[in-house]
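**Q** What follows is a single structure, and I will ask about it in a moment.
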Amino acid sequence: MKALQLHGYGSGDNLMHEEIPTPQAGPGQVLVRVRAAAVNPLDAKLASGAMRQFMPLAFPWIPGMDFAGTVEAAGAGVTTLPPGTAVYGTNPAGGAYAEYLVAQADAVALKPASRSFEEAASVPVAALTAWQGLMRAGQLQAGQTVLIHGGAGAVGAYAVQFAHQLGARVIATAAAKDLDFVRSLGADEALDYRATPFETVVRDVDVVFDLVGGDVQQRSFGVLKFGGYLVATSQPPSPEEAARHGVHGVMFGMKPSAEDLARVAQQLDAGTLQTDVARTYPLAQAGQAWTDSARRHPAAGPPATPPPSAPNVHGKIVLVGTSEAE
Ligand SMILES: NC(=O)c1ccc[n+]([C@@H]2O[C@H](COP(=O)([O-])OP(=O)(O)OC[C@H]3O[C@@H](n4cnc5c(N)ncnc54)[C@H](OP(=O)(O)O)[C@@H]3O)[C@@H](O)[C@H]2O)c1
């Protein structure tokens with residue numbers, strides 16, 4: 001099969017388009033013919049070696065956690081996903097920038113029937129992080145107030161929708177250009193993170209969902225109620241600060257879950273969950289896709305103008321044409 005792989009830490013320029021043996025599905029696994037794979041910021045971060053202390057890579061490594069495609073073969077014990085089934089899912093170890101990948105069957109669900117492979121591939125990591133982070137780690141309840149930092153990003157856009165649908169009061173921080181977007185997703189209040197220091201106008205929230213980290217996280221302890229939850233995705237909250245403020249500080253990591261993916265697929269099919277694909281690229285242009293992905297959020301990457309032909313400024317960048325069947 002064709003795959004994009006890295007033979008050592010590096011950038012998108014080091015991705016090699018190679019012919020390698022097609023993997024086999026073992027017990028409890030499925031072999032998926034990949035039709036689309038999303039670009040997550042973590043792909044390039046892992047590739048660069050910036051996270052090698054916590055998440056070292058074994059080379060050669062094929063990037064790509066989010067995928068959508070069709071089951072090619074089911075391993076022993078997998079009875080619910082016969083060949084030909086359209087699925088979507090997530091593989092934390094990567095592998096989606098290829099014609100085929102092997103995934104755990106319990107990390108794969110039926111693709112939302114009403115959505116394209118590209119749309120489906122853009123969903124898993126971001127939507128599961130939002131759902132599990134708010135509902136499980138943050139224990140958010142109807143009637144509570146949640147502050148979501150980075151509400152217009154890939155995870156934040158789902159978090160705003162899930163929290164609103166639950167019946168929570170939602171305050172989201174975002175760039176000025178994105179304030180109407182987060183309001184359209186259900187935010188009751190939208191704060192321009194460059195213009196309004198959130199701690200001057202927000203207090204007594206039950207949950208802070210921190211998708212930004214750094215100084216933003218540090219300033220978040222003081223806006224929580226006693227006993228509230230600060231759930232972070234990029235940097236562990238200080239236990240000392242959490243104790244000093246009488247709150248729970250939780251570093252949260254998304255866990256692949258077929259059950260959660262099935263719930264999200266139902267919402268996508270019912271039309272109650274908005275999802276956006278920013279732009280699609282052929283698999284062979286993954287390096288360029290990484291560069292453009294980093295450029296879209298100047299705070300997180302080098303300042304630059306957005307890609308000229310981007311039809312949508314929100315949502316994920318997705319790689320297509322990963323399967324020869326395209
Ligand atoms: N632990 C896990 O399992 C897990 C899973 C998924 C993601 N993550 C992490 O979660 C974080 C968010 O991921 P993502 O995919 O949603 O990222 P993303 O799509 O890049 O979105 C980040 C958003 O935050 C905004 N932002 C930047 N600085 C801000 C500030 N000071 N205040 C408020 N908003 C700010 C950005 O706006 P601009 O456009 O203005 O830059 C952008 O809209 C990343 O660090 C990612 O690595 C962790």
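Just remember, in the structure tokens the first chain shown is A, the second B, etc., residues are 1-based per chain, and ligands are 1-based in the order shown.
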Give as number ranges by chain the residues surrounding ligand 1 up to a distance of 8 Å, considering only C-alpha atoms and all ligand atoms.
**A** A: 40-42, 125-126, 129, 149-157, 173-176, 178, 192-194, 210-213, 215-216, 232-235, 251-255, 294, 296-300, 315-316
**Q** I'd like the contact shell of range 82-94 of chain A - 7 Å cut-off, only C-alpha atoms, skipping same-chain residues fewer than 2 positions apart - returned as a PyMOL selection string.
**A** chain A and resi 62-74+79-80+96+103+107-111+120-121+124-125+256
**Q** Please compute the CA of Arg33 in chain A-CA of Val277 in chain A distance, one decimal, in Å.
**A**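 Going from CA of Arg33 in chain A over to CA of Val277 in chain A covers 20.6 Å.
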**Q** Using only C-alpha atoms, which residues of range 5-86 of chain A come within 9 Å of range 281-290 of chain A, and what is the closest atom pair for each, with the distance in Å to one decimal? Give it as JSON lines, sorted by chain and residue number.
**A**
{"residue": "A:Ser11", "atom": "CA", "partner": "A:Gly287", "partner_atom": "CA", "distance": 7.6}
{"residue": "A:Gly12", "atom": "CA", "partner": "A:Gly287", "partner_atom": "CA", "distance": 3.9}
{"residue": "A:Asp13", "atom": "CA", "partner": "A:Gly287", "partner_atom": "CA", "distance": 5.8}
{"residue": "A:Asn14", "atom": "CA", "partner": "A:Gly287", "partner_atom": "CA", "distance": 8.1}
{"residue": "A:Leu15", "atom": "CA", "partner": "A:Gly287", "partner_atom": "CA", "distance": 7.0}
{"residue": "A:His17", "atom": "CA", "partner": "A:Ala284", "partner_atom": "CA", "distance": 7.1}
{"residue": "A:Ala36", "atom": "CA", "partner": "A:Leu283", "partner_atom": "CA", "distance": 8.7}
{"residue": "A:Ala37", "atom": "CA", "partner": "A:Leu283", "partner_atom": "CA", "distance": 8.5}
{"residue": "A:Val39", "atom": "CA", "partner": "A:Trp290", "partner_atom": "CA", "distance": 7.1}
{"residue": "A:Asn40", "atom": "CA", "partner": "A:Trp290", "partner_atom": "CA", "distance": 8.6}
{"residue": "A:Pro41", "atom": "CA", "partner": "A:Trp290", "partner_atom": "CA", "distance": 7.7}
{"residue": "A:Asp43", "atom": "CA", "partner": "A:Trp290", "partner_atom": "CA", "distance": 8.2}
{"residue": "A:Ala44", "atom": "CA", "partner": "A:Trp290", "partner_atom": "CA", "distance": 6.6}
**Q** With C-alpha atoms retained, could you export that selection as a compact mmCIF listing (two decimals), in the first residue's frame?
**A**
# COMPACT_ATOMS: atom_id res chain seq x y z
CA SER A 11 8.78 18.50 9.66
CA GLY A 12 6.26 17.91 6.89
CA ASP A 13 9.17 18.18 4.43
CA ASN A 14 10.48 14.89 5.82
CA LEU A 15 7.31 12.91 5.05
CA HIS A 17 5.58 8.79 0.12
CA ALA A 36 -10.05 10.56 4.29
CA ALA A 37 -7.77 11.47 7.20
CA VAL A 39 -4.85 16.83 10.06
CA ASN A 40 -4.63 17.35 13.82
CA PRO A 41 -2.16 19.92 15.21
CA ASP A 43 0.45 15.26 14.07
CA ALA A 44 3.10 17.88 13.36
**Q** Which residue is closest to Gln217 in chain A? Choose from A:Ala137, A:Leu147, A:Ala168, A:Leu185 and count only C-alpha atoms.
**A** A:Leu147
**Q** Just the strand (DSSP E) stuff from range 36-196 of chain A, please, per backbone DSSP, written as a VMD selection string.
**A** chain A and resid 36 to 39 66 to 74 86 to 90 100 to 104 108 to 110 145 to 149 169 to 174 189 to 192
**Q** Using only C-alpha atoms, which of A:His7, A:Arg169, A:Arg136, A:Arg115 sits nearest Trp61 in chain A?
**A**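 Closest to Trp61 in chain A of all the choices is A:His7.
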**Q** Between A:Phe54, A:Phe59, A:Phe221, A:Phe209, which has the minimum distance to Gln139 in chain A (counting only C-alpha atoms)?
**A**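 Counting only C-alpha atoms, the residue closest to Gln139 in chain A is A:Phe209.
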